[in-house]
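Shown next, in structure tokens, is the structure this report addresses.
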Amino acid sequence: MKTAVLITIGDEILSGNTVDTNSNFIATQLKEIGVKVTSIFTIPDDESTIVSTLEKAFKMVDVVFTTGGLGPTKDDITKKAYAKFFEDELVFSDKVYEHLRAYLEKRNRLWILEHNKEQAVVLSKAEVFLNYFGTAPCMVLEKNGTFCFSLPGVPYEVKPLVKDQIIPFLKEKLALEHIVTRIVSVVDVPESILSENIESWELALPKHIALSYLPIGTRVKLRLTASGSSQEMLGQELENEIQKLIPIIGENIIATHEDKIEKILGELLNDRKLTISVSESCTGGELSRLITSVTGSSKYFIGGIVSYATEKKIDILKVNPKTIEEFTVVSEQVASEMAKGCQELFKTDIAVSTTGVAGPGKGEDGKDVGTVYYSIRIGDEEVTSKLFLPHLERIDFMNFVSQKVVQDIVSLLIKK
């Protein structure tokens, strides 16, 4: 298997001001064509550090990526470091300049052309991939059989460059094995117990099939990855192994093809022609966002409401004030009435609700941070649950609860 190193360049990454999402994206794209990322380095905007890291990376792998440090300002010194490492000179490219001029003219920003002229300066030995979503091109270089790609740092520029130009380039240049992956999503079994339950099956897997345990919330994703010369044969082998697994833990499997829980839910709702609505409090709209992040969700998601204030739970969702007075707003009873009110408001087959304390302070009713109740109504049947997540920060709390609610909807639908 071919290997790669990713080098993220930028003081803003090391300071925590910017999150490195490029490495995750690039590694995922490379994995799909059979290139394994063995190391990820994050380094400052320092010429000597960039050069020394390139020297280290070129001794390790077949492909090297760098992201960042290609802007028009003086602190962007990646190209200078590249020139030193590749023993090359920087030259002005008329091709890149003309592309830059056309790009800026199309966006009515031609007045900054002279300020960005530096972007047309590239290494003389480099093959250039033009950037259709930004000003910095990607330079492609080769040294001792290792390919190197110098990418800008902006994620929406990196993605099309990788998908549309770099991946096809690597598939043509490298003799790559086929990589086929399947995900089996398992719920209601702790990872340690799941490992014990499937140990015999796991030990019997062929050597060219690797198994990974990927816990996400209260779900465990079993990722099976097979490598070989025939994509069709690998796909069939994975299917055969999954069919052997189903009798062992079948009652805990919610999906054998799709990866993301929101997509699994979407497929179920589409297949069964069911509609869903959401009434949220402590999740602040994150549950609705998660469900609607799936393409085509408008077929089943009818609407949602973030009834954050207590009076809106009463006015819009028709929660009984006496219920709140007796049990408090963060309670099983209020979650139940919120779901029922939501179902009646939007006239959907399924309605869900969340009410809790995301923190950092206690709720108005004195409930501890991390307390949450959620209710799921499918037709006239209802299941209300409680979670206590005091260890999670506010945003993580919202994300975890939303994922768990969607997971429970999937589990309930599968059991019906």
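Residue numbering restarts at 1 in every chain; chains get A, B, ... in the order shown in the structure tokens, and ligands count up from 1 in that same order.
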
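Neighbours of A:Thr3 closer than or equal to 10 Å, with only C-alpha atoms counted and sequence neighbours fewer than 2 positions away skipped, come out as A:Met1, A:Val5, A:Leu30, A:Lys31, A:Gly34, A:Val35, A:Lys36, A:Val37, A:Thr38, A:Ser39, A:Met60, A:Val61, A:Asp62, A:Val63, A:Val64.
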
Output file for the selection above: C-alpha atoms, as a PDB file, in the first residue's frame:
ATOM      1  CA  MET A   1       0.000   0.000   0.000  1.00  0.00           C
ATOM      2  CA  VAL A   5       2.390  12.376   5.014  1.00  0.00           C
ATOM      3  CA  LEU A  30      -6.547   9.163  -0.047  1.00  0.00           C
ATOM      4  CA  LYS A  31      -7.921   6.185   1.881  1.00  0.00           C
ATOM      5  CA  GLY A  34      -5.611   2.988  -1.320  1.00  0.00           C
ATOM      6  CA  VAL A  35      -3.111   5.544  -0.006  1.00  0.00           C
ATOM      7  CA  LYS A  36      -2.592   5.395   3.755  1.00  0.00           C
ATOM      8  CA  VAL A  37      -1.692   8.499   5.747  1.00  0.00           C
ATOM      9  CA  THR A  38       1.017   7.501   8.235  1.00  0.00           C
ATOM     10  CA  SER A  39       1.743  10.870   9.859  1.00  0.00           C
ATOM     11  CA  MET A  60       9.026   8.168   4.949  1.00  0.00           C
ATOM     12  CA  VAL A  61       6.400   7.935   2.205  1.00  0.00           C
ATOM     13  CA  ASP A  62       5.352   7.971  -1.452  1.00  0.00           C
ATOM     14  CA  VAL A  63       3.226  11.136  -1.362  1.00  0.00           C
ATOM     15  CA  VAL A  64       3.575  14.389   0.588  1.00  0.00           C
TER      16      VAL A  64
END

Next on the checklist: Write out as a PyMOL selection string the set of residues from stretch 317-357 of chain A that DSSP, computed on the backbone, places in strand (DSSP E).
Outcome noted: chain A and resi 350-356

Expected file: the selected residues, all heavy atoms, as a JSON list (two decimals), in the first residue's frame:
[["chain", "number", "residue", "atom", "x", "y", "z"],
["A", 350, "ILE", "N", -43.99, 11.12, 13.02],
["A", 350, "ILE", "CA", -43.04, 11.06, 14.13],
["A", 350, "ILE", "C", -42.78, 12.47, 14.64],
["A", 350, "ILE", "O", -42.68, 13.42, 13.85],
["A", 350, "ILE", "CB", -41.71, 10.43, 13.67],
["A", 350, "ILE", "CG1", -41.93, 9.03, 13.09],
["A", 350, "ILE", "CG2", -40.70, 10.36, 14.83],
["A", 350, "ILE", "CD1", -40.71, 8.46, 12.39],
["A", 351, "ALA", "N", -42.70, 12.60, 15.94],
["A", 351, "ALA", "CA", -42.31, 13.88, 16.54],
["A", 351, "ALA", "C", -41.37, 13.62, 17.70],
["A", 351, "ALA", "O", -41.54, 12.64, 18.43],
["A", 351, "ALA", "CB", -43.54, 14.65, 17.02],
["A", 352, "VAL", "N", -40.38, 14.48, 17.85],
["A", 352, "VAL", "CA", -39.42, 14.31, 18.94],
["A", 352, "VAL", "C", -39.25, 15.63, 19.68],
["A", 352, "VAL", "O", -39.48, 16.72, 19.12],
["A", 352, "VAL", "CB", -38.04, 13.82, 18.43],
["A", 352, "VAL", "CG1", -38.16, 12.44, 17.82],
["A", 352, "VAL", "CG2", -37.47, 14.79, 17.41],
["A", 353, "SER", "N", -38.84, 15.54, 20.93],
["A", 353, "SER", "CA", -38.64, 16.74, 21.74],
["A", 353, "SER", "C", -37.39, 16.58, 22.59],
["A", 353, "SER", "O", -36.98, 15.47, 22.91],
["A", 353, "SER", "CB", -39.84, 16.98, 22.64],
["A", 353, "SER", "OG", -39.94, 15.96, 23.62],
["A", 354, "THR", "N", -36.79, 17.72, 22.96],
["A", 354, "THR", "CA", -35.67, 17.72, 23.90],
["A", 354, "THR", "C", -35.87, 18.85, 24.90],
["A", 354, "THR", "O", -36.27, 19.95, 24.54],
["A", 354, "THR", "CB", -34.32, 17.93, 23.19],
["A", 354, "THR", "OG1", -34.28, 19.24, 22.58],
["A", 354, "THR", "CG2", -34.08, 16.87, 22.13],
["A", 355, "THR", "N", -35.60, 18.59, 26.16],
["A", 355, "THR", "CA", -35.60, 19.62, 27.19],
["A", 355, "THR", "C", -34.54, 19.28, 28.22],
["A", 355, "THR", "O", -34.46, 18.14, 28.68],
["A", 355, "THR", "CB", -36.99, 19.76, 27.86],
["A", 355, "THR", "OG1", -36.90, 20.77, 28.88],
["A", 355, "THR", "CG2", -37.48, 18.46, 28.47],
["A", 356, "GLY", "N", -33.68, 20.23, 28.54],
["A", 356, "GLY", "CA", -32.59, 19.92, 29.45],
["A", 356, "GLY", "C", -31.78, 21.13, 29.81],
["A", 356, "GLY", "O", -32.16, 22.27, 29.53]]

Next on the checklist: For A:Leu176, find every residue with an atom within 10 Å (counting only C-alpha atoms), except residues of its own chain fewer than 5 positions away, and show them as JSON, numbers by chain.
Outcome noted: {"A": [1, 2, 33, 34, 35, 170, 171, 227, 228, 229]}

Item to check | Residues near stretch 304-319 of chain A, cut-off 7 Å, only C-alpha atoms, skip fewer than 3 positions along chain, as a PyMOL selection string | outcome: chain A and resi 277-281+284-285+288+334+337-338+341-342

Checklist entry - Distance atom CA of A:Asn108-atom CA of A:Ala136, one decimal place? => result 17.7 Å
